[in-house]
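Undergrad: Before I ask anything, let me first share the structure, which is written out below as structure tokens.
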Amino acid sequence: MLRRFVTPVALLILLLVSLPVQAAETALDAISTDASVVIRFKKPKAIIEKVADLVDLVVKGQGEQVRAQSAALGLAISNPTLAGVDMEADWYVAVYTDEDEDDAKKKDDANDDPTFLFIVPATDLAKMKEGLGESFKFMEHGKFGVYTSDEATAKAAAARLKGEGKSISTLIDKDSNAVFDGGDLSVFINVKQLASDYKEEITQFKEDARQKIESLPGGEGTPGGLNPKQLTEIADLAMKLFSSVLDDAHSCTIGVLVSKEGLAFEDLVKVKSGSPTDKLLAKSAPGTLSAFSTLPAGHLAYLGFTWNMADIANLNQWLMGLGSSALKPEAAKELQGALAETAKLKIGSLVSAFGLGDADEGAVRTVSVTEVDNPAKMRELSHKVAKAMQGVDTPGVKQTIDIKKDAEKYGKNSADIATVKTEMADQANPFAQIQERLMTMLFGPDGMVTRSVFLKDRVVQTMGGGKQAMTDALAAQEQKSTESSKSPFQQSRGKMGAKSNLVVLVDLVNTIAKVVDLVVQSQAVPIPLDAEQVKNLQQKPSFFGISAATEPQGLRVKTLIPVEQMQGIARIVAFVQQVMGGGAGGEN
């Protein structure tokens, strides 16, 4: 009995499996590989709510205005009334920057504007077509309305829907597709096509840049001793790098996520496998930047960096070599030798923190930690570089470098102190006086003072803040940070990806507030504010963040803008408007 039942069912399943499968229509079917840009709006109705909720958190009550003006989103798809449009499914827009040869003969180059192809899901295709009017060429593709105002673009889309050519989806690899699908708003840039379409403009840009560099005034009086020929060498190097990256780039995909926590951007640049750029990226694997945890809390900005340091050292050696013409031959030779030796050091990563202190003692505060295989050698070479740079002759500026070895004790460790003092030769020059006051405000009356402690596997350096700054920096080397006790900058670091080549964190709001505070303290600019008003601009630490990490045939960049930073900036803008309007500033 069971066998009689199973046999027909098995035959039915076999029959169904053998039938040809009709693939569901997708928006990307209509877009060919010669599109330069593809934009995707993920479920616009949901995006509007997300944006409104975020705006409400930034400026209370403004979210309703976003909702009220949501109908204007129809302008983005050339359908102002949103006739027949499905707001709960994804919208797509393709941008074409190439020009059809026949069309090019009919119009001037001045009118050579990009054309747009819209692929929009419909609740009613007939209403959508009617709402667009006769100026648009309209096609149906499953649930999508496919339309454009350009005849050549319409012909190309129709051909693509018939199966001619290839879909843009064939150019979007798995990793790029994950970014494209993951964003509330996503953009895929076909870099190869874009570079081809704008080849003449790119060539002209490079030529214009070169001519501007060559026309710069220079000679012996040029700062740093660089002359036009040397500046041209730098420009040529930059242009070669730009051209190489542009030639090697395949695509760039950008995804934007909106939430109550703020905005998150993810960019993925893909390059051709085996290309020079791919090989360059492959040489520099991302790292954990674990030394971040050894930086003291309470600063305004943090940076972490790791790369193939041999390449960095060689580039630095070349750049310094360009400026060595300002040195005496013996000093130039010593500098080149020291830089060549520095290139042999194995440097793991560099992390640093930046803050602002009191203007009377010098506002600048920095802490840096460099992981290196031979700190003692690095100490020796840094002294040689400083000694060589002592001979740099800059017209109108007198600079002295004084290094005191083992000048201070910190437990079992000692610190070298390097003091760079800059004086303007022409004291009668008002500009020179202003510059000296600025230098004093930034670095203090003693000049730029750097303390360096050379530990077993790293070098710890501080600028400004006196002995206390180095005491705090060394104490941070020993601290053990747990997940629950992480400082705000460490929590922000944790959101930027486990491994990175570069991480930058900036508390922009408190940086602005501190700069305003310093200006008020110095009375350099007459601002009608007092200390209490400036204090009201400050808030709990939060960080705008950027990270970049290499990966096979690519570079991934993440950007986070927390809602706290948005709130602070909105408060500062409102405060400035109030002050400019003549009102008494205060907390808003």
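For the structure tokens, the naming scheme is as follows: chains receive sequential letters (A, B, ...) according to their order of presentation, residues are indexed from 1 within each chain, and ligands are indexed from 1 in presentation order.
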Can you list every residue in stretch 23-213 of chain A that DSSP puts in alpha helix (DSSP H), as number ranges by chain?
TA: A: 44-58, 63-68, 101-106, 125-132, 151-161, 174-182, 191-197, 199-213
Undergrad: Which residues are close to A:Ile47, i.e. within 8 Å by only C-alpha atoms, leaving aside same-chain residues fewer than 5 positions away? Reply as JSON, numbers by chain.
TA: {"A": [42, 184, 258]}
Undergrad: Restricting the output to N, CA and C atoms, write the selected residues as a short mmCIF file (atom, residue, chain, number, x, y, z; two decimals), in the first residue's frame.
TA:
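Output contents, as saved in result22.cif:
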data_model
loop_
_atom_site.label_atom_id
_atom_site.label_comp_id
_atom_site.auth_asym_id
_atom_site.auth_seq_id
_atom_site.Cartn_x
_atom_site.Cartn_y
_atom_site.Cartn_z
N LYS A 42 16.63 51.37 0.06
CA LYS A 42 16.03 50.19 0.66
C LYS A 42 14.73 50.55 1.39
N ASP A 184 20.88 50.93 4.08
CA ASP A 184 19.57 51.55 3.86
C ASP A 184 19.61 52.38 2.58
N VAL A 258 21.16 53.74 8.85
CA VAL A 258 20.59 54.76 9.74
C VAL A 258 19.96 54.06 10.94
#
Undergrad: Quick one: residues within 8 Å of A:Arg458, only C-alpha atoms, excluding same-chain residues fewer than 6 positions away - as a list in words?
TA: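 Once the nearby chain positions are removed, what remains is Val369, Thr370, Glu371, Val372, Asp373 and Pro375 of chain A.
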Undergrad: Dump N, CA and C atoms for the selected residues as a PDB file, in the first residue's frame?
TA:
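The result, written out as out31.pdb:
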ATOM      1  N   VAL A 369      52.666  55.846  21.201  1.00  0.00           N
ATOM      2  CA  VAL A 369      53.316  54.573  21.533  1.00  0.00           C
ATOM      3  C   VAL A 369      53.665  53.885  20.218  1.00  0.00           C
ATOM      4  N   THR A 370      54.951  53.611  20.018  1.00  0.00           N
ATOM      5  CA  THR A 370      55.431  52.956  18.798  1.00  0.00           C
ATOM      6  C   THR A 370      55.985  51.587  19.149  1.00  0.00           C
ATOM      7  N   GLU A 371      55.399  50.543  18.557  1.00  0.00           N
ATOM      8  CA  GLU A 371      55.912  49.185  18.758  1.00  0.00           C
ATOM      9  C   GLU A 371      57.085  48.964  17.801  1.00  0.00           C
ATOM     10  N   VAL A 372      58.245  48.610  18.348  1.00  0.00           N
ATOM     11  CA  VAL A 372      59.443  48.461  17.528  1.00  0.00           C
ATOM     12  C   VAL A 372      60.310  47.345  18.095  1.00  0.00           C
ATOM     13  N   ASP A 373      61.031  46.666  17.212  1.00  0.00           N
ATOM     14  CA  ASP A 373      61.827  45.519  17.650  1.00  0.00           C
ATOM     15  C   ASP A 373      63.100  45.925  18.395  1.00  0.00           C
ATOM     16  N   PRO A 375      64.106  49.294  20.375  1.00  0.00           N
ATOM     17  CA  PRO A 375      63.947  50.665  20.846  1.00  0.00           C
ATOM     18  C   PRO A 375      65.273  51.401  21.044  1.00  0.00           C
TER      19      PRO A 375
END
Undergrad: Looking only at strand (DSSP E) from DSSP on the backbone, list the matching residues of stretch 345-514 of chain A as an NGL selection string.
TA: :A and (347-356 or 364-372 or 397-410 or 413-424 or 448-454 or 458-463 or 502-506)
Undergrad: Between A:Leu474, A:Val271, A:Ile202, A:Leu246, which one has atoms that come closest to A:Ser176, using only C-alpha atoms?
TA: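 Ranked by minimum distance to A:Ser176, first place goes to A:Val271.
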Undergrad: Set the distance at 8 Å and use only C-alpha atoms: which residues neighbour A:Leu300 once local chain neighbours fewer than 4 positions away are removed? I'd like the list as a list of chain:residue names.
TA: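 Final neighbour list, sorted by chain and number: A:Ala353, A:Phe354, A:Gly355, A:Leu356, A:Val506, A:Asp507, A:Leu508, A:Asn510, A:Thr511.
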Undergrad: Between atom CA of A:Ile401 and atom CA of A:Ala418, what is the spacing in Å?
TA: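 A separation of 6.9 Å between them.
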Undergrad: Which residue gives the smallest distance to A:His250 among A:Glu334, A:Glu130, A:Asp173, A:Asp56, with only C-alpha atoms counted?
TA: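 The answer is A:Asp173, which sits nearest to A:His250.
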Undergrad: Any idea what the distance is between atom CA of A:Phe188 and atom CA of A:Gln565?
TA: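 Between atom CA of A:Phe188 and atom CA of A:Gln565 the gap works out to 27.9 Å.
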Undergrad: If we count only C-alpha atoms and set the cut-off at 9 Å, which residues sit around A:Pro121, ignoring sequence neighbours fewer than 6 positions away in its own chain? Please answer as a VMD selection string.
TA: chain A and resid 27 84 to 92 142 to 146
Undergrad: Could you give me, as number ranges by chain, the residues within 9 Å of stretch 463-472 of chain A, counting only C-alpha atoms and dropping anything in the same chain fewer than 4 positions from it?
TA: A: 296, 357-358, 361-368, 408, 410, 415, 443-444, 448-453, 476-477
Undergrad: Which one is closest to A:Leu555: A:Glu49, A:Asp278, A:Glu330, A:Glu436? Count only C-alpha atoms.
TA: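 Looking at the shortest contact to A:Leu555, the residue is A:Asp278.
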Undergrad: Work out how far atom CA of A:Ala238 is from atom CA of A:Lys344, in Å to one decimal.
TA: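 Result for atom CA of A:Lys344 versus atom CA of A:Ala238: 24.6 Å, one decimal.
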